[in-house]
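Content type TSV, C-alpha atoms and all ligand atoms, from the file upload-v2.tsv:
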```tsv
chain	number	residue	atom	x	y	z
A	1	MET	CA	0.00	0.00	0.00
A	2	ASP	CA	1.29	3.43	-0.90
A	3	GLN	CA	1.96	5.12	2.43
A	4	ALA	CA	1.43	8.58	0.97
A	5	VAL	CA	-2.01	7.62	-0.31
A	6	THR	CA	-2.93	6.18	3.06
A	7	LEU	CA	-1.75	9.25	4.94
A	8	ARG	CA	-3.59	11.54	2.53
A	9	ARG	CA	-6.79	9.61	3.07
A	10	LEU	CA	-6.32	9.74	6.82
A	11	SER	CA	-5.85	13.48	6.82
A	12	GLN	CA	-8.57	14.31	4.30
A	13	GLY	CA	-11.18	11.81	5.34
A	14	THR	CA	-13.06	10.02	2.65
A	15	SER	CA	-15.88	10.94	0.36
A	16	PHE	CA	-16.86	7.60	-1.08
A	17	SER	CA	-20.34	7.47	0.34
A	18	THR	CA	-22.87	9.99	1.42
A	19	PRO	CA	-23.69	9.53	5.07
A	20	ARG	CA	-27.24	8.28	5.55
A	21	THR	CA	-27.97	10.72	8.32
A	22	ALA	CA	-26.52	14.10	9.02
A	23	SER	CA	-25.31	12.84	12.37
A	24	SER	CA	-22.05	14.43	13.34
A	25	SER	CA	-19.56	12.52	15.40
A	26	SER	CA	-19.66	8.79	14.96
A	27	MET	CA	-19.93	6.44	17.90
A	28	LEU	CA	-18.95	3.45	15.89
A	29	ARG	CA	-19.97	0.14	17.35
A	30	GLY	CA	-18.18	-2.97	16.21
A	31	LEU	CA	-19.68	-6.43	16.46
A	32	ALA	CA	-17.85	-9.56	15.37
A	33	VAL	CA	-20.15	-12.52	14.74
A	34	ALA	CA	-18.55	-15.89	15.34
A	35	SER	CA	-19.61	-19.44	16.07
A	36	GLY	CA	-16.76	-21.88	16.10
A	37	LYS	CA	-18.75	-24.34	14.01
A	38	GLY	CA	-19.58	-23.63	10.38
A	39	GLY	CA	-23.06	-23.52	8.89
A	40	VAL	CA	-24.85	-22.25	11.98
A	41	GLY	CA	-26.09	-19.01	10.43
A	42	LYS	CA	-23.37	-16.35	10.84
A	43	THR	CA	-23.56	-14.98	7.32
A	44	ASN	CA	-27.35	-14.88	7.23
A	45	THR	CA	-27.49	-13.24	10.63
A	46	VAL	CA	-24.91	-10.58	9.78
A	47	ALA	CA	-26.45	-9.69	6.43
A	48	ASN	CA	-30.02	-9.56	7.74
A	49	LEU	CA	-29.02	-7.76	10.91
A	50	GLY	CA	-27.15	-5.24	8.79
A	51	TYR	CA	-30.26	-4.70	6.70
A	52	ALA	CA	-32.46	-4.37	9.79
A	53	LEU	CA	-30.14	-1.81	11.40
A	54	SER	CA	-29.90	0.01	8.11
A	55	SER	CA	-33.67	0.21	7.78
A	56	MET	CA	-33.74	1.63	11.32
A	57	GLY	CA	-31.70	4.57	10.02
A	58	LYS	CA	-28.28	3.37	11.13
A	59	ARG	CA	-25.26	3.61	8.87
A	60	VAL	CA	-23.99	0.08	8.61
A	61	LEU	CA	-20.88	-1.47	7.16
A	62	VAL	CA	-20.60	-5.23	6.85
A	63	LEU	CA	-17.13	-6.68	6.47
A	64	ASP	CA	-16.86	-10.19	5.09
A	65	ALA	CA	-14.08	-11.52	7.27
A	66	ASP	CA	-14.34	-15.03	5.89
A	67	MET	CA	-11.28	-14.41	3.74
A	68	GLY	CA	-10.91	-16.88	0.93
A	69	LEU	CA	-14.42	-18.27	1.40
A	70	GLY	CA	-16.32	-15.00	1.38
A	71	ASN	CA	-19.97	-15.38	0.50
A	72	ILE	CA	-21.95	-12.39	1.75
A	73	HIS	CA	-22.01	-11.01	-1.79
A	74	ILE	CA	-23.38	-14.32	-3.06
A	75	LEU	CA	-26.13	-14.17	-0.48
A	76	LEU	CA	-27.03	-10.76	-1.88
A	77	GLY	CA	-26.67	-11.69	-5.54
A	78	LEU	CA	-23.88	-9.14	-6.02
A	79	ALA	CA	-20.76	-9.58	-8.11
A	80	PRO	CA	-18.00	-7.37	-6.73
A	81	ARG	CA	-15.18	-6.43	-9.01
A	82	TYR	CA	-12.75	-5.90	-6.16
A	83	THR	CA	-12.51	-7.43	-2.73
A	84	LEU	CA	-10.65	-6.99	0.54
A	85	GLN	CA	-7.87	-9.02	-0.98
A	86	HIS	CA	-7.17	-6.15	-3.40
A	87	VAL	CA	-6.98	-3.79	-0.44
A	88	ILE	CA	-4.63	-6.02	1.51
A	89	SER	CA	-2.36	-6.47	-1.48
A	90	GLY	CA	-2.31	-2.69	-1.98
A	91	GLU	CA	-3.95	-2.77	-5.43
A	92	ARG	CA	-7.04	-0.81	-4.31
A	93	GLY	CA	-8.04	1.58	-1.55
A	94	ILE	CA	-10.84	0.55	0.76
A	95	GLU	CA	-13.30	3.04	-0.77
A	96	ASP	CA	-12.88	1.36	-4.16
A	97	ILE	CA	-14.20	-1.98	-3.01
A	98	ILE	CA	-17.33	-0.96	-1.12
A	99	ILE	CA	-20.50	-2.26	-2.69
A	100	ARG	CA	-23.94	-1.01	-1.87
A	101	GLY	CA	-26.36	-3.68	-0.74
A	102	PRO	CA	-30.10	-3.62	-0.20
A	103	GLY	CA	-31.45	-0.82	1.94
A	104	GLY	CA	-28.24	1.19	1.61
A	105	LEU	CA	-26.17	-1.35	3.48
A	106	ASP	CA	-22.46	-1.03	2.64
A	107	ILE	CA	-20.42	-4.17	2.17
A	108	LEU	CA	-16.72	-4.90	2.07
A	109	PRO	CA	-16.65	-8.19	0.18
A	110	ALA	CA	-14.05	-10.93	0.45
A	111	ALA	CA	-12.78	-13.15	-2.31
A	112	SER	CA	-13.91	-16.71	-2.62
A	113	GLY	CA	-11.74	-19.62	-3.68
A	114	THR	CA	-8.32	-18.50	-2.53
A	115	ARG	CA	-6.21	-19.49	0.43
A	116	LYS	CA	-3.95	-16.50	0.07
A	117	PHE	CA	-5.40	-14.37	2.85
A	118	SER	CA	-6.99	-17.05	4.97
A	119	ASN	CA	-4.37	-16.28	7.62
A	120	LEU	CA	-3.30	-12.65	7.41
A	121	THR	CA	0.25	-11.79	8.34
A	122	GLY	CA	0.96	-9.02	10.84
A	123	GLU	CA	1.79	-6.68	7.98
A	124	GLU	CA	-1.42	-7.48	6.12
A	125	MET	CA	-3.45	-6.91	9.29
A	126	LEU	CA	-1.75	-3.55	9.68
A	127	THR	CA	-2.61	-2.56	6.11
A	128	LEU	CA	-6.25	-3.50	6.67
A	129	LYS	CA	-6.36	-1.68	9.99
A	130	THR	CA	-4.96	1.50	8.44
A	131	GLU	CA	-7.48	1.38	5.61
A	132	LEU	CA	-10.43	0.66	7.91
A	133	GLU	CA	-9.61	3.58	10.16
A	134	VAL	CA	-10.44	5.85	7.24
A	135	LEU	CA	-14.03	4.61	7.29
A	136	GLU	CA	-14.73	4.74	11.00
A	137	SER	CA	-16.44	8.10	11.09
A	138	ASN	CA	-18.86	7.17	8.31
A	139	TYR	CA	-20.70	4.44	10.16
A	140	ASP	CA	-22.69	3.71	13.28
A	141	PHE	CA	-22.18	-0.03	13.08
A	142	ILE	CA	-19.57	-2.30	11.61
A	143	LEU	CA	-20.46	-5.98	11.56
A	144	PHE	CA	-17.86	-8.65	10.88
A	145	ASP	CA	-18.99	-11.92	9.38
A	146	LEU	CA	-16.34	-14.34	10.56
A	147	GLY	CA	-15.33	-17.69	9.18
A	148	ALA	CA	-15.65	-20.92	11.11
A	149	GLY	CA	-12.97	-22.12	13.49
A	150	ILE	CA	-10.56	-20.15	15.67
A	151	SER	CA	-8.01	-19.04	13.08
A	152	SER	CA	-5.78	-16.01	13.54
A	153	ASN	CA	-8.12	-14.05	11.26
A	154	VAL	CA	-11.06	-14.85	13.51
A	155	THR	CA	-9.24	-13.83	16.67
A	156	TYR	CA	-7.92	-10.69	14.95
A	157	PHE	CA	-11.40	-9.42	14.11
A	158	CYS	CA	-12.72	-10.41	17.53
A	159	SER	CA	-9.95	-8.37	19.12
A	160	ALA	CA	-10.60	-5.44	16.82
A	161	ALA	CA	-14.32	-5.31	17.46
A	162	LYS	CA	-15.40	-4.24	20.89
A	163	ASP	CA	-18.19	-6.78	21.08
A	164	VAL	CA	-18.30	-10.41	20.07
A	165	ALA	CA	-21.51	-12.28	19.33
A	166	VAL	CA	-21.44	-16.05	19.34
A	167	ILE	CA	-24.05	-17.97	17.40
A	168	THR	CA	-25.08	-21.48	18.29
A	169	SER	CA	-27.99	-23.75	17.61
A	170	SER	CA	-29.32	-26.13	20.24
A	171	GLU	CA	-27.43	-29.05	18.68
A	172	PRO	CA	-24.68	-30.40	20.95
A	173	THR	CA	-21.97	-30.06	18.29
A	174	SER	CA	-22.71	-26.38	17.75
A	175	PHE	CA	-23.10	-25.82	21.50
A	176	ALA	CA	-19.74	-27.49	22.20
A	177	ASP	CA	-17.99	-25.38	19.56
A	178	ALA	CA	-19.52	-22.16	20.88
A	179	TYR	CA	-18.27	-23.05	24.34
A	180	ALA	CA	-14.80	-23.98	23.05
A	181	PHE	CA	-14.67	-20.72	21.10
A	182	MET	CA	-15.43	-18.61	24.17
A	183	LYS	CA	-12.96	-20.60	26.22
A	184	VAL	CA	-10.10	-19.90	23.79
A	185	LEU	CA	-11.02	-16.24	23.37
A	186	SER	CA	-11.15	-15.68	27.12
A	187	ARG	CA	-8.03	-17.68	27.93
A	188	ASP	CA	-5.77	-16.51	25.13
A	189	PHE	CA	-7.22	-13.15	24.12
A	190	ASP	CA	-8.66	-11.80	27.33
A	191	LYS	CA	-12.19	-11.51	25.92
A	192	ARG	CA	-14.62	-11.73	28.81
A	193	ASP	CA	-17.94	-10.55	27.39
A	194	PHE	CA	-19.95	-12.47	24.86
A	195	LYS	CA	-23.34	-11.93	23.33
A	196	LEU	CA	-25.21	-15.08	22.53
A	197	ILE	CA	-27.54	-15.59	19.56
A	198	VAL	CA	-29.34	-18.92	19.48
A	199	ASN	CA	-30.32	-19.80	15.94
A	200	SER	CA	-32.75	-22.26	14.38
A	201	VAL	CA	-34.83	-22.77	17.49
A	202	LYS	CA	-38.51	-23.68	17.78
A	203	SER	CA	-39.24	-21.07	20.41
A	204	LYS	CA	-37.78	-18.43	22.67
A	205	LYS	CA	-37.91	-20.97	25.48
A	206	GLU	CA	-35.51	-23.24	23.62
A	207	SER	CA	-33.05	-20.36	23.35
A	208	LEU	CA	-33.36	-19.66	27.08
A	209	ASP	CA	-32.55	-23.30	27.78
A	210	VAL	CA	-29.44	-23.14	25.59
A	211	PHE	CA	-28.39	-19.90	27.26
A	212	SER	CA	-28.79	-21.27	30.74
A	213	ARG	CA	-26.97	-24.52	29.90
A	214	LEU	CA	-24.07	-22.59	28.37
A	215	SER	CA	-23.87	-20.30	31.40
A	216	GLN	CA	-23.92	-23.28	33.75
A	217	VAL	CA	-21.18	-25.12	31.86
A	218	SER	CA	-18.96	-22.07	31.80
A	219	ASP	CA	-19.50	-21.56	35.56
A	220	ARG	CA	-18.84	-25.20	36.32
A	221	PHE	CA	-15.54	-25.15	34.46
A	222	GLY	CA	-14.49	-21.85	35.98
A	223	LEU	CA	-14.54	-19.77	32.83
A	224	ASP	CA	-14.32	-16.15	33.87
A	225	ILE	CA	-16.72	-14.84	31.25
A	226	ARG	CA	-20.04	-13.06	31.05
A	227	ILE	CA	-22.61	-14.22	28.53
A	228	ASP	CA	-25.60	-12.06	27.62
A	229	LEU	CA	-28.43	-13.42	25.54
A	230	LEU	CA	-28.76	-11.06	22.59
A	231	GLY	CA	-31.66	-12.95	21.06
A	232	HIS	CA	-32.85	-15.96	19.15
A	233	ILE	CA	-33.83	-16.71	15.57
A	234	VAL	CA	-36.48	-19.31	14.93
A	235	HIS	CA	-36.02	-22.04	12.38
A	236	ASP	CA	-37.93	-20.69	9.42
A	237	PRO	CA	-38.11	-21.97	5.81
A	238	VAL	CA	-37.96	-18.40	4.48
A	239	VAL	CA	-34.26	-18.33	5.41
A	240	SER	CA	-33.36	-21.04	2.95
A	241	THR	CA	-35.84	-19.75	0.34
A	242	ALA	CA	-34.27	-16.30	0.51
A	243	VAL	CA	-30.75	-17.76	0.25
A	244	ARG	CA	-31.73	-19.65	-2.89
A	245	ARG	CA	-33.21	-16.49	-4.38
A	246	GLN	CA	-30.13	-14.51	-3.30
A	247	MET	CA	-32.23	-12.10	-1.33
A	248	LEU	CA	-32.45	-11.13	2.32
A	249	PHE	CA	-35.40	-12.55	4.22
A	250	THR	CA	-35.67	-9.34	6.23
A	251	GLU	CA	-36.24	-7.48	2.98
A	252	LYS	CA	-38.42	-9.98	1.11
A	253	TYR	CA	-40.31	-11.50	4.02
A	254	PRO	CA	-40.31	-8.74	6.64
A	255	ASN	CA	-43.24	-10.25	8.51
A	256	SER	CA	-41.81	-13.74	8.69
A	257	PRO	CA	-41.00	-15.14	12.13
A	258	ALA	CA	-37.24	-15.16	11.35
A	259	ALA	CA	-37.30	-11.51	10.25
A	260	MET	CA	-39.15	-10.48	13.42
A	261	CYS	CA	-36.43	-12.18	15.46
A	262	ILE	CA	-33.74	-10.28	13.55
A	263	TYR	CA	-35.52	-6.98	14.22
A	264	ASP	CA	-35.68	-7.85	17.93
A	265	ILE	CA	-31.94	-8.49	17.91
A	266	ALA	CA	-31.32	-5.21	16.09
A	267	ASP	CA	-33.40	-3.37	18.71
A	268	ASN	CA	-31.49	-5.07	21.45
A	269	LEU	CA	-28.17	-4.16	19.84
A	270	VAL	CA	-29.08	-0.52	19.50
A	271	ARG	CA	-30.02	-0.45	23.17
A	272	THR	CA	-27.16	-2.47	24.61
A	273	LEU	CA	-24.06	-2.36	22.48
A	274	ARG	CA	-21.36	-0.32	24.11
A	275	PRO	CA	-20.72	2.81	22.12
A	276	ALA	CA	-17.02	2.59	21.69
A	277	GLU	CA	-14.40	2.88	19.06
A	278	VAL	CA	-13.45	-0.22	17.18
A	279	ARG	CA	-10.06	-0.92	18.69
A	280	TRP	CA	-7.97	-1.67	15.70
A	281	GLY	CA	-4.75	-1.09	17.54
A	282	LYS	CA	-5.28	-3.53	20.38
A	283	ILE	CA	-3.65	-6.63	19.06
A	284	PHE	CA	-0.65	-4.74	17.80
A	285	SER	CA	0.19	-3.17	21.11
B	1	LIG	N1	-33.04	-19.63	11.26
B	1	LIG	C1	-32.87	-20.47	10.24
B	1	LIG	N2	-33.93	-21.16	9.73
B	1	LIG	C2	-33.77	-22.02	8.71
B	1	LIG	N3	-32.60	-22.24	8.09
B	1	LIG	C3	-31.51	-21.58	8.52
B	1	LIG	C4	-31.58	-20.65	9.62
B	1	LIG	N4	-30.36	-20.13	9.81
B	1	LIG	C5	-29.54	-20.70	8.89
B	1	LIG	N5	-30.23	-21.58	8.12
B	1	LIG	C6	-29.68	-22.42	7.03
B	1	LIG	O1	-28.30	-22.64	7.28
B	1	LIG	C7	-27.55	-22.29	6.11
B	1	LIG	C8	-26.18	-21.80	6.49
B	1	LIG	O2	-26.26	-20.49	7.01
B	1	LIG	P1	-25.03	-19.47	6.93
B	1	LIG	O3	-25.55	-18.15	7.40
B	1	LIG	O4	-24.40	-19.50	5.59
B	1	LIG	O5	-24.05	-20.12	8.02
B	1	LIG	P2	-22.52	-19.77	8.37
B	1	LIG	O6	-22.22	-18.42	7.84
B	1	LIG	O7	-22.44	-19.86	9.86
B	1	LIG	O8	-21.70	-20.84	7.72
B	1	LIG	C9	-28.43	-21.28	5.37
B	1	LIG	O9	-28.12	-21.25	4.01
B	1	LIG	C10	-29.83	-21.75	5.67
B	1	LIG	O10	-30.21	-22.74	4.72
B	2	MG	MG	-20.64	-17.79	6.58
```
Re-express the file's structure as C-alpha cells.
Ligand SMILES: Nc1ncnc2c1ncn2[C@@H]1O[C@H](COP(=O)(O)OP(=O)(O)O)[C@@H](O)[C@H]1O
Ligand SMILES: [Mg+2]
Amino acid sequence: MDQAVTLRRLSQGTSFSTPRTASSSSMLRGLAVASGKGGVGKTNTVANLGYALSSMGKRVLVLDADMGLGNIHILLGLAPRYTLQHVISGERGIEDIIIRGPGGLDILPAASGTRKFSNLTGEEMLTLKTELEVLESNYDFILFDLGAGISSNVTYFCSAAKDVAVITSSEPTSFADAYAFMKVLSRDFDKRDFKLIVNSVKSKKESLDVFSRLSQVSDRFGLDIRIDLLGHIVHDPVVSTAVRRQMLFTEKYPNSPAAMCIYDIADNLVRTLRPAEVRWGKIFS
C-alpha cells in the first residue's frame, strides 16, 4: 500500500459514500459474529441484521471476514469487481471496493476460492487496519462476518471489534464449539464478554434453555466470562428460500417469524451495544 495515499486519506477523510444521516460525530460500534462451528447461520445473521439496522436509520458497514471463502455477496446476488484481498495487497483503496447492498447497506466483500489471505500476516493486518480507520467516522455499526474455526483471522477481528456475538444452535456439536470458542477467546485473548444468539430454534424458550446450559457449563468449568443473551432466531423456511433467491429474508419476508427475530436483535443491539471505538490497535500493542 502506498503510504502517501494512506496518509492523505487519513488526513482528508473520505468521500466515497454519502452519510445516511446528518449525524455528526460517529460512535462506531463494532460487532464480530462468530460461532466456532460452520453452517450455523453467521452470514445470514450478519447480512439480515445489517439490513435491519440500516432500515432503522443506522449507517452500517458489513465486512466479510471469511477471507478466501467470502460469501456475503453471493447471499445478496452481487458480483463485486474488487474485494478486501485487493486492499490487503495494496492494489485498491478501501473506498474502491465498497458495494452497496439492499437498503443502503455497505459491504466490504471478500474473495472466494483463494487461500492467500486465509491467515493474514501481521503486515497485512496492519494494512487493513490503516485502511479501515479511514471509514470509522462514516458508520454507526460495523459488523464482521467471521469464518468458522478459531483461526488467527477470527481472533484478529474479535480483538478489533469491541463486542463479540457467538451464534449457536441447540445441537450439541454447535453448543460445544460455541463453548470452546469462548474458552479460547477468554483464555488466550482476554475476551470476557460475549453476546449469545441462538439460531434455528422452535421457540424463545428453547433459546433460554441453551443460554442457561451454556452459562452453567462455563460456571462449572471456571470460565471467567459473562454471557448475555442477545436474542434468538427461529427455524424458518424463508431463510433457505431467501438464500436460494439470493435475497435477504428481512427485505423480502419482513413479517416472517425469522425476520421479526432479527428486528428484535437489532433493537437489542441498538439499546445495549457499548458505544465505543473499534479498537484496531489492540492486538498490535
Ligand atoms: N433460522 C434459520 N432457519 C432455517 N434455516 C436456517 C436458519 N439459519 C440458517 N439456516 C440455514 O443454514 C444455512 C447456512 O447459514 P449461513 O448463514 O451460511 O451459516 P454460516 O455463515 O455460519 O456458515 C443457510 O443457508 C440456511 O439454509
Ligand atoms: Mg458464513
Residues of chain A that have any atom at most 8 Å from an atom of ligand LIG 1 (chain B): could you tabulate them with the shortest-distance atom pair and the distance in Å to one decimal, using all atoms listed in the file, ordered by chain and increasing number, as a Markdown table?
```
| residue | atom | partner | partner_atom | distance |
| --- | --- | --- | --- | --- |
| A:Ala34 | CA | B:LIG1 | O7 | 7.8 |
| A:Ser35 | CA | B:LIG1 | O7 | 6.8 |
| A:Lys37 | CA | B:LIG1 | O7 | 7.1 |
| A:Gly38 | CA | B:LIG1 | O8 | 4.4 |
| A:Gly39 | CA | B:LIG1 | O8 | 3.2 |
| A:Val40 | CA | B:LIG1 | O7 | 4.0 |
| A:Gly41 | CA | B:LIG1 | O3 | 3.2 |
| A:Lys42 | CA | B:LIG1 | O7 | 3.8 |
| A:Thr43 | CA | B:LIG1 | O6 | 3.7 |
| A:Asn44 | CA | B:LIG1 | O3 | 3.7 |
| A:Thr45 | CA | B:LIG1 | O3 | 6.2 |
| A:Val46 | CA | B:LIG1 | O3 | 8.0 |
| A:Asn71 | CA | B:LIG1 | O4 | 7.9 |
| A:Asp145 | CA | B:LIG1 | O6 | 7.4 |
| A:Leu146 | CA | B:LIG1 | O6 | 7.7 |
| A:Gly147 | CA | B:LIG1 | O6 | 7.1 |
| A:Ala148 | CA | B:LIG1 | O8 | 6.9 |
| A:Ile167 | CA | B:LIG1 | O7 | 7.9 |
| A:Asn199 | CA | B:LIG1 | N1 | 5.4 |
| A:Ser200 | CA | B:LIG1 | N1 | 4.1 |
| A:Val201 | CA | B:LIG1 | N1 | 7.2 |
| A:Ile233 | CA | B:LIG1 | N1 | 5.3 |
| A:Val234 | CA | B:LIG1 | N1 | 5.0 |
| A:His235 | CA | B:LIG1 | N2 | 3.5 |
| A:Asp236 | CA | B:LIG1 | N2 | 4.0 |
| A:Pro237 | CA | B:LIG1 | C2 | 5.2 |
| A:Val238 | CA | B:LIG1 | C2 | 7.0 |
| A:Val239 | CA | B:LIG1 | C2 | 5.0 |
| A:Ser240 | CA | B:LIG1 | O10 | 4.0 |
| A:Thr241 | CA | B:LIG1 | O10 | 7.7 |
| A:Val243 | CA | B:LIG1 | O9 | 5.8 |
| A:Arg244 | CA | B:LIG1 | O9 | 7.9 |
| A:Ala258 | CA | B:LIG1 | N1 | 6.1 |
```
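Of the residues under consideration (A:Ser215, A:Ser112, A:Ser152, A:Gln85), A:Ser112 shows the shortest atom-to-atom contact distance to ligand MG 2 (chain B) when counting all atoms listed in the file.
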Would you kindly return, as a ChimeraX atom specification, each protein, DNA or RNA residue with an atom no farther than 10 Å from any atom of region 177-185 of chain A, considering all atoms listed in the file and excluding same-chain residues fewer than 2 positions away?
/A:34-38,148-150,154-155,158-159,164,166-169,172-175,187-194,196,214-215,217-218,221-227
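The interatomic distance for the pair CA of Leu230 (chain A) and CA of Met247 (chain A) works out to 24.2 Å.
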Skipping near chain neighbours, those fewer than 6 positions away, what residues fall within 12 Å of Leu128 (chain A) using all atoms listed in the file, listed as a VMD selection string?
chain A and resid 1 6 63 65 83 to 90 92 to 94 108 117 120 to 122 134 to 135 153 156 to 157 160 280 to 281
Expected residue set, 10 Å radius at (-36.8, -7.9, 12.8), only C-alpha atoms, as a PyMOL selection string:
chain A and resi 48-49+51-53+233+249-251+254-267
Region 265-271 of chain A: axis-aligned bounding box, 6 Å on each side, centre and edge lengths in Å, one decimal, as AutoDock Vina command-line options:
```
--center_x -30.8 --center_y -4.5 --center_z 19.6 --size_x 17.2 --size_y 20.0 --size_z 19.1
```
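Counting only C-alpha atoms, Lys204 (chain A) has the following residues at most 7 Å away, ignoring those fewer than 3 positions along the same chain: Ser207, Leu208 and His232 of chain A.
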Write a file of the just-selected residues containing C-alpha atoms, as a PDB file, keeping the file's coordinate frame.
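Okay, this is what ended up in selection-v2.pdb:
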```
ATOM      1  CA  SER A 207     -33.050 -20.360  23.350  1.00  0.00           C
ATOM      2  CA  LEU A 208     -33.360 -19.660  27.080  1.00  0.00           C
ATOM      3  CA  HIS A 232     -32.850 -15.960  19.150  1.00  0.00           C
TER       4      HIS A 232
END
```
Within 9 Å of Thr114 (chain A) using all atoms listed in the file, minus same-chain residues under 6 positions, as a PyMOL selection string
chain A and resi 67-69
Dump C-alpha atoms for the selected residues as a PDB file, in the coordinates of the input?
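The file below, result09.pdb, is the result:
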```
ATOM      1  CA  MET A  67     -11.280 -14.410   3.740  1.00  0.00           C
ATOM      2  CA  GLY A  68     -10.910 -16.880   0.930  1.00  0.00           C
ATOM      3  CA  LEU A  69     -14.420 -18.270   1.400  1.00  0.00           C
TER       4      LEU A  69
END
```
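Distance check against Ile197 (chain A) using all atoms listed in the file: of A:Leu75, A:Leu132, A:Leu269, A:Met125, the minimum falls on A:Leu269.
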Any idea what the distance is between CA of Lys58 (chain A) and CA of Tyr82 (chain A)?
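Between these atoms lies a distance of 25.0 Å.
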Computed interatomic separation between CA of Thr272 (chain A) and CA of Leu28 (chain A) (Å):
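Computing the Euclidean distance for CA of Thr272 (chain A) and CA of Leu28 (chain A) yields 13.4 Å.
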Determine the nearest neighbour of ligand MG 2 (chain B) from the options A:Ala161, A:Ser151, A:Arg29, A:Asp64, counting all atoms listed in the file.
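Closest to ligand MG 2 (chain B), using all atoms listed in the file: A:Asp64.
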With all atoms listed in the file as the atoms that count, which of A:Ala110, A:Leu78, A:Ile98, A:Met27 lies nearest to ligand MG 2 (chain B)?
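Ranking A:Ala110, A:Leu78, A:Ile98, A:Met27 by distance to ligand MG 2 (chain B), first place goes to A:Ala110.
Comparing the minimum interatomic distances between Ala176 (chain A) and each of A:Lys202, A:Gln246, A:Arg213, A:Leu143, counting all atoms listed in the file, we find that A:Arg213 sits nearest.
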